[in-house]
Amino acid sequence: MALEDFLFTGERVRYKCPIAVEMDRRSYELYVTDQRLILYKHRGLLFKRDDFVDERIGDIRSMDYREKGAIFTKATVVLDTLQKSLTIAFKGSPEACKAAYQELQQHLKLERAEPAPRPAPEPAPRPAPEPTTAVAGEIPRVEAPTEYAGFWIRFLASIVDDILLSWVSGPLNIIYFIGLWAWLGQTIGMVVTHLKVVRTDGRPVDLGTAVLRFVGYIVCVLTLGIGFLLIAFDERKQGLHDKIAKTYVIPFRKE
């Protein structure tokens with residue numbers, strides 16, 4: 001069966017979350033229709049089945065976004081309804097999760113703004129609220145990278161850097177990495193392989209981030225390279241030094 005088979009007559013899908021979500025350790029796709037919030041997943045290869053969870057939008061009373069974990073960040077949304085509380089975990093980068101949360105929040109607000117009209121007494125006049133710069137509970141939209149640099153291209157960049165630094169003493173090595181990360185976001189090896197280091201909040205790498213990333217780099221060396229191997233398996237291609245400094249390495253070409 002497809003999702004359409006679970007929709008009511010006349011019910012329309014207005015939003016599909018671009019990243020996967022989890023609830024009770026099960027992966028789902030998240031949809032918002034004009035009536036319900038739906039978690040749906042078609043499972044199985046031989047023995048197929050449909051996993052379906054829904055909640056009426058009118059029954060959702062509040063929605064709370066939470067992040068926990070300094071290095072391995074996990075984003076969750078807690079929905080409080082008339083009868084229960086649902087905890088939904090987003091699977092993606094912090095930026096992608098925040099953007100998806102904001103979209104979800106807007107669509108749920110949109111649905112609540114369209115109840116069936118009913119007579120109501122004239123409200124008493126009240127003073128206009130003071131202007132604010134942000135709505136409480138809303139997460140500002142952050143544009144997330146759509147592509148991350150993988151292990152082998154970054155390994156190639158490190159080989160270029162190693163060749164260039166093979167005749168340079170230790171202190172100059174430190175200045176080379178920290179200085180170029182903070183100045184350009186790129187070492188020479190990364191320029192050659194068209195890569196760039198950026199912060200997870202989307203801003204350029206500053207001196208403090210560059211120093212913290214180099215400290216993480218040393219930690220990776222002391223762990224016999226295990227910290228670097230994380231790049232091959234991590235969803236956002238972050239090594240241990242990236243997670244410590246909260247950075248990504250992304251493909252980059254100057255226009």
# chains A, B, ... in the order shown; residues from 1 in each chain; ligands from 1

$ select_by_dssp --residues "range 3-240 of chain A" --states "strand (DSSP E)" --output "count of residues only"
59

$ residues_around --residues "Val21 in chain A" --least-positions-apart "5" --cutoff "9 Å" --atoms "only C-alpha atoms" --output "list in words"
Arg26, Ser27, Tyr28, Glu29, Leu30, Leu39, Ile88, Ala89, Phe90, Lys91 and Gly92 of chain A

$ write_last_selection --atoms "N, CA, C and O atoms" --output "compact mmCIF listing (two decimals), in the first residue's frame"
# COMPACT_ATOMS: atom_id res chain seq x y z
N ARG A 26 12.36 3.46 15.32
CA ARG A 26 11.90 3.06 13.99
C ARG A 26 11.99 4.27 13.07
O ARG A 26 11.59 5.38 13.44
N SER A 27 12.48 4.05 11.86
CA SER A 27 12.63 5.13 10.89
C SER A 27 11.31 5.36 10.16
O SER A 27 10.61 4.42 9.81
N TYR A 28 10.98 6.64 9.93
CA TYR A 28 9.75 7.01 9.25
C TYR A 28 10.00 8.17 8.28
O TYR A 28 11.03 8.86 8.36
N GLU A 29 9.03 8.39 7.39
CA GLU A 29 8.90 9.63 6.65
C GLU A 29 7.80 10.45 7.30
O GLU A 29 6.78 9.90 7.72
N LEU A 30 8.02 11.77 7.42
CA LEU A 30 7.06 12.63 8.12
C LEU A 30 6.30 13.48 7.11
O LEU A 30 6.91 14.11 6.23
N LEU A 39 3.29 9.86 10.35
CA LEU A 39 4.57 9.15 10.22
C LEU A 39 4.28 7.86 9.46
O LEU A 39 3.43 7.06 9.87
N ILE A 88 9.96 12.69 18.56
CA ILE A 88 10.39 12.39 17.20
C ILE A 88 11.82 12.88 17.03
O ILE A 88 12.11 14.05 17.28
N ALA A 89 12.72 11.99 16.62
CA ALA A 89 14.13 12.34 16.42
C ALA A 89 14.39 12.58 14.94
O ALA A 89 14.01 11.78 14.09
N PHE A 90 15.04 13.70 14.64
CA PHE A 90 15.44 14.00 13.27
C PHE A 90 16.79 13.38 12.97
O PHE A 90 17.69 13.37 13.82
N LYS A 91 16.97 12.85 11.74
CA LYS A 91 18.23 12.22 11.32
C LYS A 91 18.89 13.11 10.28
O LYS A 91 18.54 13.06 9.11
N GLY A 92 19.84 13.92 10.71
CA GLY A 92 20.53 14.83 9.79
C GLY A 92 21.40 15.79 10.55
O GLY A 92 21.54 15.70 11.77

$ residues_around --residues "range 62-67 of chain A" --least-positions-apart "3" --cutoff "6 Å" --atoms "only C-alpha atoms" --output "list in words"
Lys74, Ala75, Thr76, Val77, Val78, Leu79 and Asp80 of chain A

$ select_by_dssp --residues "range 161-190 of chain A" --states "alpha helix (DSSP H)" --output "list of chain:residue names"
A:Asp161, A:Asp162, A:Ile163, A:Leu164, A:Leu165, A:Gly170, A:Pro171, A:Leu172, A:Asn173, A:Ile174, A:Ile175, A:Tyr176, A:Phe177, A:Ile178, A:Gly179, A:Leu180, A:Trp181, A:Ala182, A:Trp183, A:Ile188, A:Gly189, A:Met190

$ write_last_selection --atoms "N, CA, C and O atoms" --output "JSON list (two decimals), in the first residue's frame"
[["chain", "number", "residue", "atom", "x", "y", "z"],
["A", 161, "ASP", "N", 49.45, 18.20, 1.45],
["A", 161, "ASP", "CA", 49.99, 19.00, 2.55],
["A", 161, "ASP", "C", 51.23, 18.35, 3.15],
["A", 161, "ASP", "O", 52.21, 19.04, 3.48],
["A", 162, "ASP", "N", 51.22, 17.03, 3.29],
["A", 162, "ASP", "CA", 52.39, 16.33, 3.85],
["A", 162, "ASP", "C", 53.62, 16.51, 2.97],
["A", 162, "ASP", "O", 54.74, 16.68, 3.47],
["A", 163, "ILE", "N", 53.42, 16.47, 1.66],
["A", 163, "ILE", "CA", 54.56, 16.67, 0.74],
["A", 163, "ILE", "C", 55.12, 18.08, 0.89],
["A", 163, "ILE", "O", 56.34, 18.29, 0.95],
["A", 164, "LEU", "N", 54.22, 19.07, 0.97],
["A", 164, "LEU", "CA", 54.66, 20.46, 1.11],
["A", 164, "LEU", "C", 55.39, 20.71, 2.43],
["A", 164, "LEU", "O", 56.31, 21.52, 2.51],
["A", 165, "LEU", "N", 54.98, 20.00, 3.49],
["A", 165, "LEU", "CA", 55.53, 20.25, 4.83],
["A", 165, "LEU", "C", 56.63, 19.26, 5.21],
["A", 165, "LEU", "O", 57.09, 19.27, 6.35],
["A", 170, "GLY", "N", 58.39, 21.65, 13.13],
["A", 170, "GLY", "CA", 57.12, 21.53, 13.86],
["A", 170, "GLY", "C", 56.34, 22.81, 14.05],
["A", 170, "GLY", "O", 55.16, 22.87, 13.72],
["A", 171, "PRO", "N", 56.95, 23.89, 14.60],
["A", 171, "PRO", "CA", 56.17, 25.13, 14.82],
["A", 171, "PRO", "C", 55.57, 25.68, 13.54],
["A", 171, "PRO", "O", 54.45, 26.20, 13.55],
["A", 172, "LEU", "N", 56.29, 25.57, 12.42],
["A", 172, "LEU", "CA", 55.74, 26.07, 11.16],
["A", 172, "LEU", "C", 54.57, 25.23, 10.68],
["A", 172, "LEU", "O", 53.67, 25.72, 10.00],
["A", 173, "ASN", "N", 54.58, 23.93, 11.01],
["A", 173, "ASN", "CA", 53.42, 23.08, 10.70],
["A", 173, "ASN", "C", 52.16, 23.62, 11.37],
["A", 173, "ASN", "O", 51.08, 23.68, 10.77],
["A", 174, "ILE", "N", 52.31, 23.98, 12.65],
["A", 174, "ILE", "CA", 51.16, 24.49, 13.41],
["A", 174, "ILE", "C", 50.65, 25.78, 12.79],
["A", 174, "ILE", "O", 49.44, 25.97, 12.58],
["A", 175, "ILE", "N", 51.60, 26.70, 12.46],
["A", 175, "ILE", "CA", 51.22, 27.97, 11.86],
["A", 175, "ILE", "C", 50.55, 27.74, 10.51],
["A", 175, "ILE", "O", 49.56, 28.41, 10.15],
["A", 176, "TYR", "N", 51.06, 26.78, 9.75],
["A", 176, "TYR", "CA", 50.52, 26.48, 8.42],
["A", 176, "TYR", "C", 49.03, 26.11, 8.51],
["A", 176, "TYR", "O", 48.18, 26.70, 7.84],
["A", 177, "PHE", "N", 48.72, 25.12, 9.35],
["A", 177, "PHE", "CA", 47.34, 24.65, 9.42],
["A", 177, "PHE", "C", 46.41, 25.68, 10.06],
["A", 177, "PHE", "O", 45.37, 26.05, 9.49],
["A", 178, "ILE", "N", 46.77, 26.17, 11.24],
["A", 178, "ILE", "CA", 45.90, 27.11, 11.95],
["A", 178, "ILE", "C", 45.73, 28.40, 11.15],
["A", 178, "ILE", "O", 44.62, 28.93, 11.00],
["A", 179, "GLY", "N", 46.84, 28.90, 10.61],
["A", 179, "GLY", "CA", 46.79, 30.16, 9.87],
["A", 179, "GLY", "C", 45.93, 30.07, 8.62],
["A", 179, "GLY", "O", 45.08, 30.93, 8.35],
["A", 180, "LEU", "N", 46.12, 29.01, 7.81],
["A", 180, "LEU", "CA", 45.36, 28.89, 6.57],
["A", 180, "LEU", "C", 43.89, 28.56, 6.83],
["A", 180, "LEU", "O", 43.00, 29.03, 6.11],
["A", 181, "TRP", "N", 43.61, 27.73, 7.83],
["A", 181, "TRP", "CA", 42.20, 27.46, 8.17],
["A", 181, "TRP", "C", 41.48, 28.75, 8.55],
["A", 181, "TRP", "O", 40.35, 29.00, 8.14],
["A", 182, "ALA", "N", 42.15, 29.57, 9.40],
["A", 182, "ALA", "CA", 41.51, 30.80, 9.88],
["A", 182, "ALA", "C", 41.44, 31.87, 8.79],
["A", 182, "ALA", "O", 40.51, 32.67, 8.75],
["A", 183, "TRP", "N", 42.42, 31.88, 7.88],
["A", 183, "TRP", "CA", 42.48, 32.93, 6.84],
["A", 183, "TRP", "C", 41.61, 32.58, 5.63],
["A", 183, "TRP", "O", 40.77, 33.37, 5.20],
["A", 188, "ILE", "N", 46.80, 24.36, 1.39],
["A", 188, "ILE", "CA", 47.16, 24.24, -0.03],
["A", 188, "ILE", "C", 46.60, 22.94, -0.61],
["A", 188, "ILE", "O", 46.09, 22.90, -1.72],
["A", 189, "GLY", "N", 46.69, 21.86, 0.17],
["A", 189, "GLY", "CA", 46.14, 20.58, -0.29],
["A", 189, "GLY", "C", 44.65, 20.67, -0.55],
["A", 189, "GLY", "O", 44.13, 20.06, -1.49],
["A", 190, "MET", "N", 43.93, 21.46, 0.27],
["A", 190, "MET", "CA", 42.49, 21.60, 0.07],
["A", 190, "MET", "C", 42.19, 22.50, -1.13],
["A", 190, "MET", "O", 41.17, 22.31, -1.80]]

$ atom_distance --atom1 "CA of Phe155 in chain A" --atom2 "CA of Asp201 in chain A"
24.5 Å

$ residues_around --residues "range 215-227 of chain A" --least-positions-apart "5" --cutoff "8 Å" --atoms "only C-alpha atoms" --output "count of residues only"
6

$ atom_distance --atom1 "CA of Leu195 in chain A" --atom2 "CA of Pro251 in chain A"
4.6 Å

$ residues_around --residues "Thr81 in chain A" --least-positions-apart "5" --cutoff "12 Å" --atoms "only C-alpha atoms" --output "list in words"
Leu37, Asp54, Glu55, Arg56, Ile57, Gly58, Asp59, Ile60, Arg61, Ser62, Met63, Asp64, Leu86 and Thr87 of chain A

$ closest_residue --among "A:Val191, A:Cys97, A:Leu229, A:Leu212" --to "Arg253 in chain A" --atoms "only C-alpha atoms"
A:Val191
